[in-house]
$ cat start-v7.pdb   # PDB, C-alpha atoms
ATOM      1  CA  MET A 195      -5.942 -19.307  27.738
ATOM      2  CA  ASP A 196      -4.670 -22.084  30.004
ATOM      3  CA  GLU A 197      -2.748 -23.405  27.009
ATOM      4  CA  LEU A 198      -1.205 -19.987  26.422
ATOM      5  CA  LEU A 199      -0.159 -19.815  30.067
ATOM      6  CA  LYS A 200       1.319 -23.292  29.748
ATOM      7  CA  ALA A 201       3.269 -22.044  26.715
ATOM      8  CA  THR A 202       4.438 -19.122  28.858
ATOM      9  CA  ASP A 203       5.744 -21.475  31.520
ATOM     10  CA  GLN A 204       7.533 -23.546  28.869
ATOM     11  CA  LEU A 205       9.121 -20.401  27.425
ATOM     12  CA  VAL A 206      10.355 -19.219  30.819
ATOM     13  CA  ALA A 207      11.840 -22.652  31.569
ATOM     14  CA  SER A 208      13.518 -22.973  28.172
ATOM     15  CA  LEU A 209      15.125 -19.521  28.390
ATOM     16  CA  GLU A 210      16.441 -19.999  31.926
ATOM     17  CA  PRO A 211      19.687 -21.785  30.888
ATOM     18  CA  CYS A 212      20.572 -19.225  28.191
ATOM     19  CA  SER A 213      23.711 -17.195  28.837
ATOM     20  CA  PHE A 214      25.016 -13.995  27.293
ATOM     21  CA  ALA A 215      28.503 -12.533  27.179
ATOM     22  CA  GLU A 216      29.553  -8.968  27.880
ATOM     23  CA  PRO A 217      28.683  -6.221  27.303
ATOM     24  CA  VAL A 218      25.410  -7.803  28.538
ATOM     25  CA  THR A 219      25.553  -7.928  32.342
ATOM     26  CA  HIS A 220      21.873  -8.289  33.304
ATOM     27  CA  VAL A 221      18.941 -10.157  31.769
ATOM     28  CA  TYR A 222      15.358  -9.679  32.955
ATOM     29  CA  ASN A 223      12.425 -11.951  32.189
ATOM     30  CA  PRO A 224       9.174 -10.247  33.270
ATOM     31  CA  LEU A 225       7.176 -13.367  32.376
ATOM     32  CA  SER A 226       8.754 -14.746  35.544
ATOM     33  CA  TYR A 227       8.933 -11.941  38.116
ATOM     34  CA  ALA A 228       5.893 -10.041  36.734
ATOM     35  CA  ARG A 229       3.884 -13.225  36.236
ATOM     36  CA  GLN A 230       0.792 -12.004  38.109
ATOM     37  CA  PRO A 231      -0.085  -9.036  35.864
ATOM     38  CA  HIS A 232       0.937 -10.989  32.768
ATOM     39  CA  GLU A 233      -1.377 -13.836  33.682
ATOM     40  CA  GLU A 234      -4.175 -11.348  34.329
ATOM     41  CA  TYR A 235      -3.600  -9.880  30.853
ATOM     42  CA  VAL A 236      -3.804 -13.323  29.239
ATOM     43  CA  ARG A 237      -6.842 -14.437  31.211
ATOM     44  CA  ARG A 238      -8.773 -11.242  30.504
ATOM     45  CA  PHE A 239      -7.965 -10.764  26.854
ATOM     46  CA  ALA A 240      -6.832 -14.035  25.233
ATOM     47  CA  SER A 241      -9.936 -16.117  25.862
ATOM     48  CA  GLN A 242     -11.110 -16.327  22.232
ATOM     49  CA  PRO A 243      -9.771 -16.359  18.650
ATOM     50  CA  LYS A 244      -8.633 -12.983  17.280
ATOM     51  CA  ARG A 245      -8.885 -11.401  13.862
ATOM     52  CA  VAL A 246      -5.668  -9.418  14.294
ATOM     53  CA  LEU A 247      -2.464 -10.278  16.145
ATOM     54  CA  PHE A 248       0.102  -7.537  16.786
ATOM     55  CA  LEU A 249       3.631  -8.754  17.524
ATOM     56  CA  GLY A 250       6.227  -6.662  19.312
ATOM     57  CA  MET A 251       9.923  -7.432  19.712
ATOM     58  CA  ASN A 252      10.892  -7.535  23.414
ATOM     59  CA  PRO A 253      10.131  -5.542  26.583
ATOM     60  CA  GLY A 254      11.054  -1.939  27.145
ATOM     61  CA  PRO A 255      12.596  -1.022  30.544
ATOM     62  CA  TRP A 256       9.659   1.130  31.680
ATOM     63  CA  GLY A 257       6.876  -0.903  30.057
ATOM     64  CA  MET A 258       6.627  -4.687  30.022
ATOM     65  CA  ALA A 259       9.732  -4.916  32.199
ATOM     66  CA  GLN A 260       7.664  -3.232  34.951
ATOM     67  CA  THR A 261       4.160  -4.559  34.253
ATOM     68  CA  GLY A 262       4.514  -7.920  32.478
ATOM     69  CA  VAL A 263       2.214  -6.629  29.710
ATOM     70  CA  PRO A 264       3.538  -6.074  26.160
ATOM     71  CA  PHE A 265       4.302  -2.378  25.530
ATOM     72  CA  GLY A 266       3.039  -2.019  29.092
ATOM     73  CA  GLU A 267       2.841   1.728  29.693
ATOM     74  CA  ILE A 268       1.759   1.744  33.331
ATOM     75  CA  SER A 269      -1.063   4.297  33.155
ATOM     76  CA  LEU A 270      -2.758   2.491  30.268
ATOM     77  CA  VAL A 271      -2.312  -0.985  31.737
ATOM     78  CA  ARG A 272      -3.774   0.210  35.028
ATOM     79  CA  ASP A 273      -6.443   2.676  33.917
ATOM     80  CA  TRP A 274      -7.520   1.354  30.482
ATOM     81  CA  MET A 275      -6.991  -2.395  30.866
ATOM     82  CA  GLY A 276      -7.809  -2.383  34.568
ATOM     83  CA  ILE A 277      -4.757  -4.447  35.525
ATOM     84  CA  GLU A 278      -2.648  -3.739  38.604
ATOM     85  CA  CYS A 279      -0.947  -6.637  40.391
ATOM     86  CA  PRO A 280       2.092  -7.159  42.610
ATOM     87  CA  VAL A 281       5.401  -7.441  40.765
ATOM     88  CA  GLU A 282       8.439  -9.191  42.222
ATOM     89  CA  LYS A 283      12.119  -8.446  41.584
ATOM     90  CA  PRO A 284      14.347 -10.171  39.016
ATOM     91  CA  PRO A 285      16.981 -12.468  40.590
ATOM     92  CA  VAL A 286      19.811 -10.029  39.771
ATOM     93  CA  GLU A 287      18.700  -6.422  39.465
ATOM     94  CA  ASN A 288      20.626  -3.704  37.674
ATOM     95  CA  PRO A 289      20.601  -0.648  39.977
ATOM     96  CA  LYS A 290      20.411   1.570  36.897
ATOM     97  CA  ARG A 291      17.192  -0.207  35.826
ATOM     98  CA  PRO A 292      15.230  -0.942  39.013
ATOM     99  CA  ILE A 293      11.996  -2.893  38.859
ATOM    100  CA  GLU A 294       9.322  -0.995  40.765
ATOM    101  CA  GLY A 295       6.264  -2.516  39.127
ATOM    102  CA  PHE A 296       3.212  -0.281  39.055
ATOM    103  CA  ALA A 297       4.944   2.192  41.373
ATOM    104  CA  CYS A 298       7.372   3.104  38.578
ATOM    105  CA  THR A 299       6.955   6.748  37.602
ATOM    106  CA  LYS A 300       8.742   6.614  34.249
ATOM    107  CA  SER A 301       6.802   6.430  30.982
ATOM    108  CA  GLU A 302       7.312   3.848  28.223
ATOM    109  CA  VAL A 303       6.990   6.028  25.126
ATOM    110  CA  SER A 304       6.466   3.100  22.731
ATOM    111  CA  GLY A 305       3.656   1.771  24.900
ATOM    112  CA  LYS A 306       2.121   5.179  25.417
ATOM    113  CA  ARG A 307       1.944   5.640  21.654
ATOM    114  CA  LEU A 308       0.709   2.135  20.790
ATOM    115  CA  TRP A 309      -1.820   1.572  23.559
ATOM    116  CA  GLY A 310      -2.783   5.251  23.555
ATOM    117  CA  TYR A 311      -3.721   4.960  19.872
ATOM    118  CA  PHE A 312      -5.818   1.844  20.522
ATOM    119  CA  ALA A 313      -7.446   3.400  23.597
ATOM    120  CA  GLU A 314      -8.437   6.458  21.579
ATOM    121  CA  LYS A 315     -10.179   4.218  19.033
ATOM    122  CA  TYR A 316     -11.649   1.907  21.683
ATOM    123  CA  PRO A 317     -12.450   3.722  24.954
ATOM    124  CA  LYS A 318     -13.319   0.321  26.463
ATOM    125  CA  ALA A 319     -10.389  -2.091  26.371
ATOM    126  CA  ALA A 320     -12.701  -5.086  26.044
ATOM    127  CA  ASP A 321     -13.926  -3.746  22.698
ATOM    128  CA  PHE A 322     -10.370  -3.653  21.328
ATOM    129  CA  PHE A 323      -9.489  -7.095  22.629
ATOM    130  CA  ALA A 324     -12.638  -8.649  21.207
ATOM    131  CA  GLU A 325     -10.812  -8.919  17.870
ATOM    132  CA  HIS A 326      -7.211  -7.866  18.561
ATOM    133  CA  TYR A 327      -4.356  -9.069  20.725
ATOM    134  CA  VAL A 328      -0.787  -7.917  21.349
ATOM    135  CA  VAL A 329       2.111 -10.176  22.306
ATOM    136  CA  ASN A 330       5.894  -9.790  22.313
ATOM    137  CA  TYR A 331       8.067 -12.241  20.407
ATOM    138  CA  CYS A 332      10.686 -12.432  23.154
ATOM    139  CA  PRO A 333      10.251 -11.663  26.865
ATOM    140  CA  LEU A 334      13.895 -10.984  27.691
ATOM    141  CA  VAL A 335      15.409  -7.589  28.441
ATOM    142  CA  TRP A 336      19.187  -7.351  27.931
ATOM    143  CA  MET A 337      21.189  -4.597  29.623
ATOM    144  CA  GLU A 338      24.751  -3.430  29.947
ATOM    145  CA  ALA A 339      26.196  -2.432  33.319
ATOM    146  CA  SER A 340      25.393   1.202  32.526
ATOM    147  CA  GLY A 341      21.719   0.276  32.149
ATOM    148  CA  LYS A 342      21.862   0.695  28.371
ATOM    149  CA  ASN A 343      19.321  -1.493  26.622
ATOM    150  CA  ARG A 344      20.424  -4.008  23.969
ATOM    151  CA  THR A 345      17.855  -5.249  21.456
ATOM    152  CA  PRO A 346      17.819  -8.860  20.158
ATOM    153  CA  ASP A 347      19.178  -7.860  16.750
ATOM    154  CA  LYS A 348      22.341  -6.540  18.435
ATOM    155  CA  LEU A 349      23.236  -9.874  20.064
ATOM    156  CA  PRO A 350      25.491 -12.583  18.552
ATOM    157  CA  ALA A 351      23.677 -15.168  16.420
ATOM    158  CA  GLN A 352      25.120 -18.069  18.405
ATOM    159  CA  GLU A 353      23.716 -16.652  21.641
ATOM    160  CA  MET A 354      20.345 -15.965  20.064
ATOM    161  CA  LYS A 355      19.880 -19.364  18.397
ATOM    162  CA  PRO A 356      18.297 -21.087  21.444
ATOM    163  CA  VAL A 357      16.326 -17.909  22.176
ATOM    164  CA  HIS A 358      14.857 -17.859  18.673
ATOM    165  CA  GLU A 359      13.951 -21.548  18.880
ATOM    166  CA  SER A 360      12.059 -21.061  22.140
ATOM    167  CA  CYS A 361      10.383 -17.829  21.042
ATOM    168  CA  ASP A 362       9.372 -19.300  17.676
ATOM    169  CA  HIS A 363       7.558 -22.090  19.516
ATOM    170  CA  TYR A 364       5.874 -19.564  21.817
ATOM    171  CA  LEU A 365       4.675 -17.487  18.857
ATOM    172  CA  ALA A 366       3.530 -20.615  17.016
ATOM    173  CA  GLU A 367       1.325 -21.494  19.984
ATOM    174  CA  HIS A 368      -0.302 -18.047  19.812
ATOM    175  CA  LEU A 369      -1.011 -18.510  16.106
ATOM    176  CA  ARG A 370      -2.357 -22.010  16.640
ATOM    177  CA  LEU A 371      -4.609 -21.082  19.546
ATOM    178  CA  LEU A 372      -5.783 -17.594  18.535
ATOM    179  CA  GLN A 373      -6.044 -18.281  14.764
ATOM    180  CA  PRO A 374      -5.511 -14.630  13.744
ATOM    181  CA  GLN A 375      -6.271 -13.721  10.142
ATOM    182  CA  VAL A 376      -4.145 -10.568   9.951
ATOM    183  CA  LEU A 377      -0.621 -10.708  11.378
ATOM    184  CA  VAL A 378       0.977  -7.342  12.097
ATOM    185  CA  GLY A 379       4.578  -6.870  13.103
ATOM    186  CA  VAL A 380       5.265  -3.775  15.168
ATOM    187  CA  GLY A 381       8.459  -3.025  13.276
ATOM    188  CA  ALA A 382      10.397  -4.956  10.645
ATOM    189  CA  PHE A 383      11.992  -7.464  13.054
ATOM    190  CA  ALA A 384       8.598  -8.609  14.317
ATOM    191  CA  GLU A 385       7.212  -8.881  10.788
ATOM    192  CA  THR A 386      10.135 -11.160   9.852
ATOM    193  CA  CYS A 387       9.407 -13.369  12.878
ATOM    194  CA  LEU A 388       5.736 -13.616  11.938
ATOM    195  CA  ALA A 389       6.542 -14.578   8.356
ATOM    196  CA  ARG A 390       8.972 -17.279   9.487
ATOM    197  CA  VAL A 391       6.777 -18.827  12.172
ATOM    198  CA  ALA A 392       3.497 -18.639  10.233
ATOM    199  CA  LYS A 393       4.959 -21.110   7.745
ATOM    200  CA  GLN A 394       5.342 -23.618  10.570
ATOM    201  CA  VAL A 395       1.715 -23.505  11.733
ATOM    202  CA  ASP A 396      -1.000 -25.437   9.939
ATOM    203  CA  TYR A 397      -3.704 -22.823   9.504
ATOM    204  CA  GLN A 398      -4.785 -20.270   6.909
ATOM    205  CA  TYR A 399      -4.206 -16.583   7.554
ATOM    206  CA  GLN A 400      -5.057 -13.731   5.209
ATOM    207  CA  THR A 401      -2.070 -11.410   5.292
ATOM    208  CA  ILE A 402       1.141 -10.406   7.049
ATOM    209  CA  GLY A 403       2.318  -6.817   7.274
ATOM    210  CA  ARG A 404       3.802  -4.295   9.653
ATOM    211  CA  ILE A 405       3.396  -0.883  11.170
ATOM    212  CA  LEU A 406       6.131   1.555  12.094
ATOM    213  CA  HIS A 407       7.626   0.803  15.485
ATOM    214  CA  PRO A 408       6.618   3.564  17.941
ATOM    215  CA  SER A 409      10.036   3.753  19.617
ATOM    216  CA  PRO A 410      11.354   7.264  20.279
ATOM    217  CA  ALA A 411      14.681   5.969  18.911
ATOM    218  CA  SER A 412      13.071   6.032  15.467
ATOM    219  CA  PRO A 413      13.135   9.512  13.879
ATOM    220  CA  ALA A 414      10.173   8.539  11.685
ATOM    221  CA  ALA A 415       8.126   7.547  14.744
ATOM    222  CA  ASN A 416       8.775  10.944  16.291
ATOM    223  CA  ARG A 417       7.132  12.659  13.325
ATOM    224  CA  GLY A 418       3.467  11.693  13.564
ATOM    225  CA  TRP A 419       3.626   8.001  14.490
ATOM    226  CA  ALA A 420      -0.154   7.635  14.939
ATOM    227  CA  GLU A 421      -0.919   9.036  11.503
ATOM    228  CA  LYS A 422       1.621   6.742   9.816
ATOM    229  CA  ALA A 423       0.378   3.716  11.747
ATOM    230  CA  ALA A 424      -3.218   4.508  10.790
ATOM    231  CA  GLU A 425      -2.274   4.588   7.103
ATOM    232  CA  GLN A 426      -0.426   1.293   7.354
ATOM    233  CA  LEU A 427      -3.291  -0.363   9.222
ATOM    234  CA  ALA A 428      -5.752   0.865   6.611
ATOM    235  CA  ASP A 429      -3.587  -0.699   3.912
ATOM    236  CA  LEU A 430      -3.877  -3.997   5.771
ATOM    237  CA  GLY A 431      -7.647  -3.672   5.993
ATOM    238  CA  ILE A 432      -7.685  -2.838   9.698
TER     239      ILE A 432
END

$ encode --input "start-v7.pdb" --output "structure tokens"
Amino acid sequence: MDELLKATDQLVASLEPCSFAEPVTHVYNPLSYARQPHEEYVRRFASQPKRVLFLGMNPGPWGMAQTGVPFGEISLVRDWMGIECPVEKPPVENPKRPIEGFACTKSEVSGKRLWGYFAEKYPKAADFFAEHYVVNYCPLVWMEASGKNRTPDKLPAQEMKPVHESCDHYLAEHLRLLQPQVLVGVGAFAETCLARVAKQVDYQYQTIGRILHPSPASPAANRGWAEKAAEQLADLGI
């Protein structure tokens, strides 16, 4: 896990010089200002190889942006994972998207669905993390002045090139160190990243697939996400 935390530090440092044009006005990196809870997550749950790695895209404003934990719905990070640590402020905060850490009262729907599903199957978080792990491909949150979120696929390719290079290396380190056999993208974007990076790592995995992203922006996810995800996981042998 020390190697994963070293990879985290390298990722934060490599993303620091990146710049983004309007309409992006604010960029948050919770791996920096929410380092304490993120490090606790890594130290508790990434201490051994995993059978399954779930990959998300980037933080949501009320999840990982607040807690430093992927899909980090506060109630589940605190009450199921047992993680609650101080969270600092980003260097330039958007008043429409304040960082309140574990005091934030808003719910991250994607995280509530994803972690809620896992918590239902595994009442003890340690039992889930014995064979599974969840990480986000990119730690950055991009926002417009209005507070509107912008996802990585909506940003210009030239701006994203250095981001992809850094995040590919970060994901490659997770594959190298955790040696997962089943790689699951949470959404199509994440599956594409897994397929690309897995070719760069010298180890044998069994399969790559994806589950429906739990975002409320997806009409399909709002019609029985858990049932659809369960079917897709079963197809992957999970």

$ residues_near_point --input "start-v7.pdb" --point "(-7.6, -1.9, 7.0)" --cutoff "12 Å" --atoms "only C-alpha atoms" --output "ChimeraX atom specification"
/A:245-246,376,378,401,403-405,423-432

$ closest_residue --input "start-v7.pdb" --among "A:Arg291, A:Arg237, A:Lys300, A:Lys318" --to "Lys342 (chain A)" --atoms "all atoms listed in the file"
A:Arg291

$ atom_distance --input "start-v7.pdb" --atom1 "CA of Gly266 (chain A)" --atom2 "CA of Gln352 (chain A)"
29.3 Å

$ atom_distance --input "start-v7.pdb" --atom1 "CA of Ile402 (chain A)" --atom2 "CA of Tyr222 (chain A)"
29.6 Å

$ resolve_selection --input "start-v7.pdb" --expression "the PyMOL selection byres ((chain A and resi 408) around 12)" --output "ChimeraX atom specification"
/A:250-251,254,265,302-311,379-382,404-407,409-423

$ resolve_selection --input "start-v7.pdb" --expression "the PyMOL selection byres ((chain A and resi 320-326) around 8)" --output "mmCIF file with C-alpha atoms, in the coordinates of the input"
data_model
loop_
_atom_site.group_PDB
_atom_site.id
_atom_site.type_symbol
_atom_site.label_atom_id
_atom_site.label_comp_id
_atom_site.auth_asym_id
_atom_site.auth_seq_id
_atom_site.Cartn_x
_atom_site.Cartn_y
_atom_site.Cartn_z
ATOM 1 C CA PHE A 239 -7.965 -10.764 26.854
ATOM 2 C CA ALA A 240 -6.832 -14.035 25.233
ATOM 3 C CA GLN A 242 -11.110 -16.327 22.232
ATOM 4 C CA PRO A 243 -9.771 -16.359 18.650
ATOM 5 C CA LYS A 244 -8.633 -12.983 17.280
ATOM 6 C CA ARG A 245 -8.885 -11.401 13.862
ATOM 7 C CA VAL A 246 -5.668 -9.418 14.294
ATOM 8 C CA LEU A 247 -2.464 -10.278 16.145
ATOM 9 C CA PHE A 248 0.102 -7.537 16.786
ATOM 10 C CA MET A 275 -6.991 -2.395 30.866
ATOM 11 C CA PHE A 312 -5.818 1.844 20.522
ATOM 12 C CA ALA A 313 -7.446 3.400 23.597
ATOM 13 C CA TYR A 316 -11.649 1.907 21.683
ATOM 14 C CA PRO A 317 -12.450 3.722 24.954
ATOM 15 C CA LYS A 318 -13.319 0.321 26.463
ATOM 16 C CA ALA A 319 -10.389 -2.091 26.371
ATOM 17 C CA TYR A 327 -4.356 -9.069 20.725
ATOM 18 C CA VAL A 328 -0.787 -7.917 21.349
#

$ closest_atom_pairs --input "start-v7.pdb" --of "region 287-335 of chain A" --to "region 357-365 of chain A" --cutoff "10 Å" --atoms "all atoms listed in the file" --output "JSON lines"
{"residue": "A:Val329", "atom": "CA", "partner": "A:Leu365", "partner_atom": "CA", "distance": 8.5}
{"residue": "A:Asn330", "atom": "CA", "partner": "A:Leu365", "partner_atom": "CA", "distance": 8.5}
{"residue": "A:Tyr331", "atom": "CA", "partner": "A:Cys361", "partner_atom": "CA", "distance": 6.1}
{"residue": "A:Cys332", "atom": "CA", "partner": "A:Cys361", "partner_atom": "CA", "distance": 5.8}
{"residue": "A:Pro333", "atom": "CA", "partner": "A:Cys361", "partner_atom": "CA", "distance": 8.5}
{"residue": "A:Leu334", "atom": "CA", "partner": "A:Val357", "partner_atom": "CA", "distance": 9.2}

$ atom_distance --input "start-v7.pdb" --atom1 "CA of Leu199 (chain A)" --atom2 "CA of Cys279 (chain A)"
16.8 Å

$ residues_around --input "start-v7.pdb" --residues "Val286 (chain A)" --least-positions-apart "3" --cutoff "10 Å" --atoms "all atoms listed in the file" --output "tab-separated table (two decimals) with C-alpha atoms, keeping the file's coordinate frame"
chain	number	residue	atom	x	y	z
A	219	THR	CA	25.55	-7.93	32.34
A	220	HIS	CA	21.87	-8.29	33.30
A	221	VAL	CA	18.94	-10.16	31.77
A	222	TYR	CA	15.36	-9.68	32.96
A	283	LYS	CA	12.12	-8.45	41.58
A	289	PRO	CA	20.60	-0.65	39.98

$ closest_residue --input "start-v7.pdb" --among "A:Cys298, A:Leu249, A:Ala259, A:Ala339" --to "Pro374 (chain A)" --atoms "all atoms listed in the file"
A:Leu249

$ residues_near_point --input "start-v7.pdb" --point "(7.7, -0.9, 32.5)" --cutoff "10 Å" --atoms "all atoms listed in the file" --output "list of chain:residue names"
A:Pro224, A:Pro253, A:Gly254, A:Pro255, A:Trp256, A:Gly257, A:Met258, A:Ala259, A:Gln260, A:Thr261, A:Gly262, A:Val263, A:Pro264, A:Phe265, A:Gly266, A:Glu267, A:Ile268, A:Pro292, A:Ile293, A:Glu294, A:Gly295, A:Phe296, A:Ala297, A:Cys298, A:Thr299, A:Lys300, A:Ser301, A:Glu302, A:Gly305

$ write_last_selection --input "start-v7.pdb" --atoms "C-alpha atoms" --output "compact mmCIF listing (two decimals), in the coordinates of the input"
# COMPACT_ATOMS: atom_id res chain seq x y z
CA PRO A 224 9.17 -10.25 33.27
CA PRO A 253 10.13 -5.54 26.58
CA GLY A 254 11.05 -1.94 27.14
CA PRO A 255 12.60 -1.02 30.54
CA TRP A 256 9.66 1.13 31.68
CA GLY A 257 6.88 -0.90 30.06
CA MET A 258 6.63 -4.69 30.02
CA ALA A 259 9.73 -4.92 32.20
CA GLN A 260 7.66 -3.23 34.95
CA THR A 261 4.16 -4.56 34.25
CA GLY A 262 4.51 -7.92 32.48
CA VAL A 263 2.21 -6.63 29.71
CA PRO A 264 3.54 -6.07 26.16
CA PHE A 265 4.30 -2.38 25.53
CA GLY A 266 3.04 -2.02 29.09
CA GLU A 267 2.84 1.73 29.69
CA ILE A 268 1.76 1.74 33.33
CA PRO A 292 15.23 -0.94 39.01
CA ILE A 293 12.00 -2.89 38.86
CA GLU A 294 9.32 -1.00 40.76
CA GLY A 295 6.26 -2.52 39.13
CA PHE A 296 3.21 -0.28 39.06
CA ALA A 297 4.94 2.19 41.37
CA CYS A 298 7.37 3.10 38.58
CA THR A 299 6.96 6.75 37.60
CA LYS A 300 8.74 6.61 34.25
CA SER A 301 6.80 6.43 30.98
CA GLU A 302 7.31 3.85 28.22
CA GLY A 305 3.66 1.77 24.90

$ closest_residue --input "start-v7.pdb" --among "A:Val335, A:Leu225, A:Val271, A:Ala215" --to "Glu287 (chain A)" --atoms "only C-alpha atoms"
A:Val335

$ closest_residue --input "start-v7.pdb" --among "A:Leu349, A:Val236, A:Cys387, A:Ala392" --to "Arg370 (chain A)" --atoms "only C-alpha atoms"
A:Ala392

$ axis_aligned_box --input "start-v7.pdb" --around "region 361-375 of chain A" --padding-each-side "5 Å" --output "JSON"
{"center_x": 2.1, "center_y": -17.9, "center_z": 16.0, "size_x": 26.7, "size_y": 18.4, "size_z": 21.7}

$ resolve_selection --input "start-v7.pdb" --expression "the PyMOL selection byres ((chain A and resi 209) around 9)" --output "NGL selection string"
:A and (204-208 or 210-213 or 223 or 334 or 356-357 or 360-361)

$ closest_residue --input "start-v7.pdb" --among "A:Val218, A:Tyr399, A:Gln230, A:Asp347" --to "Thr386 (chain A)" --atoms "only C-alpha atoms"
A:Asp347
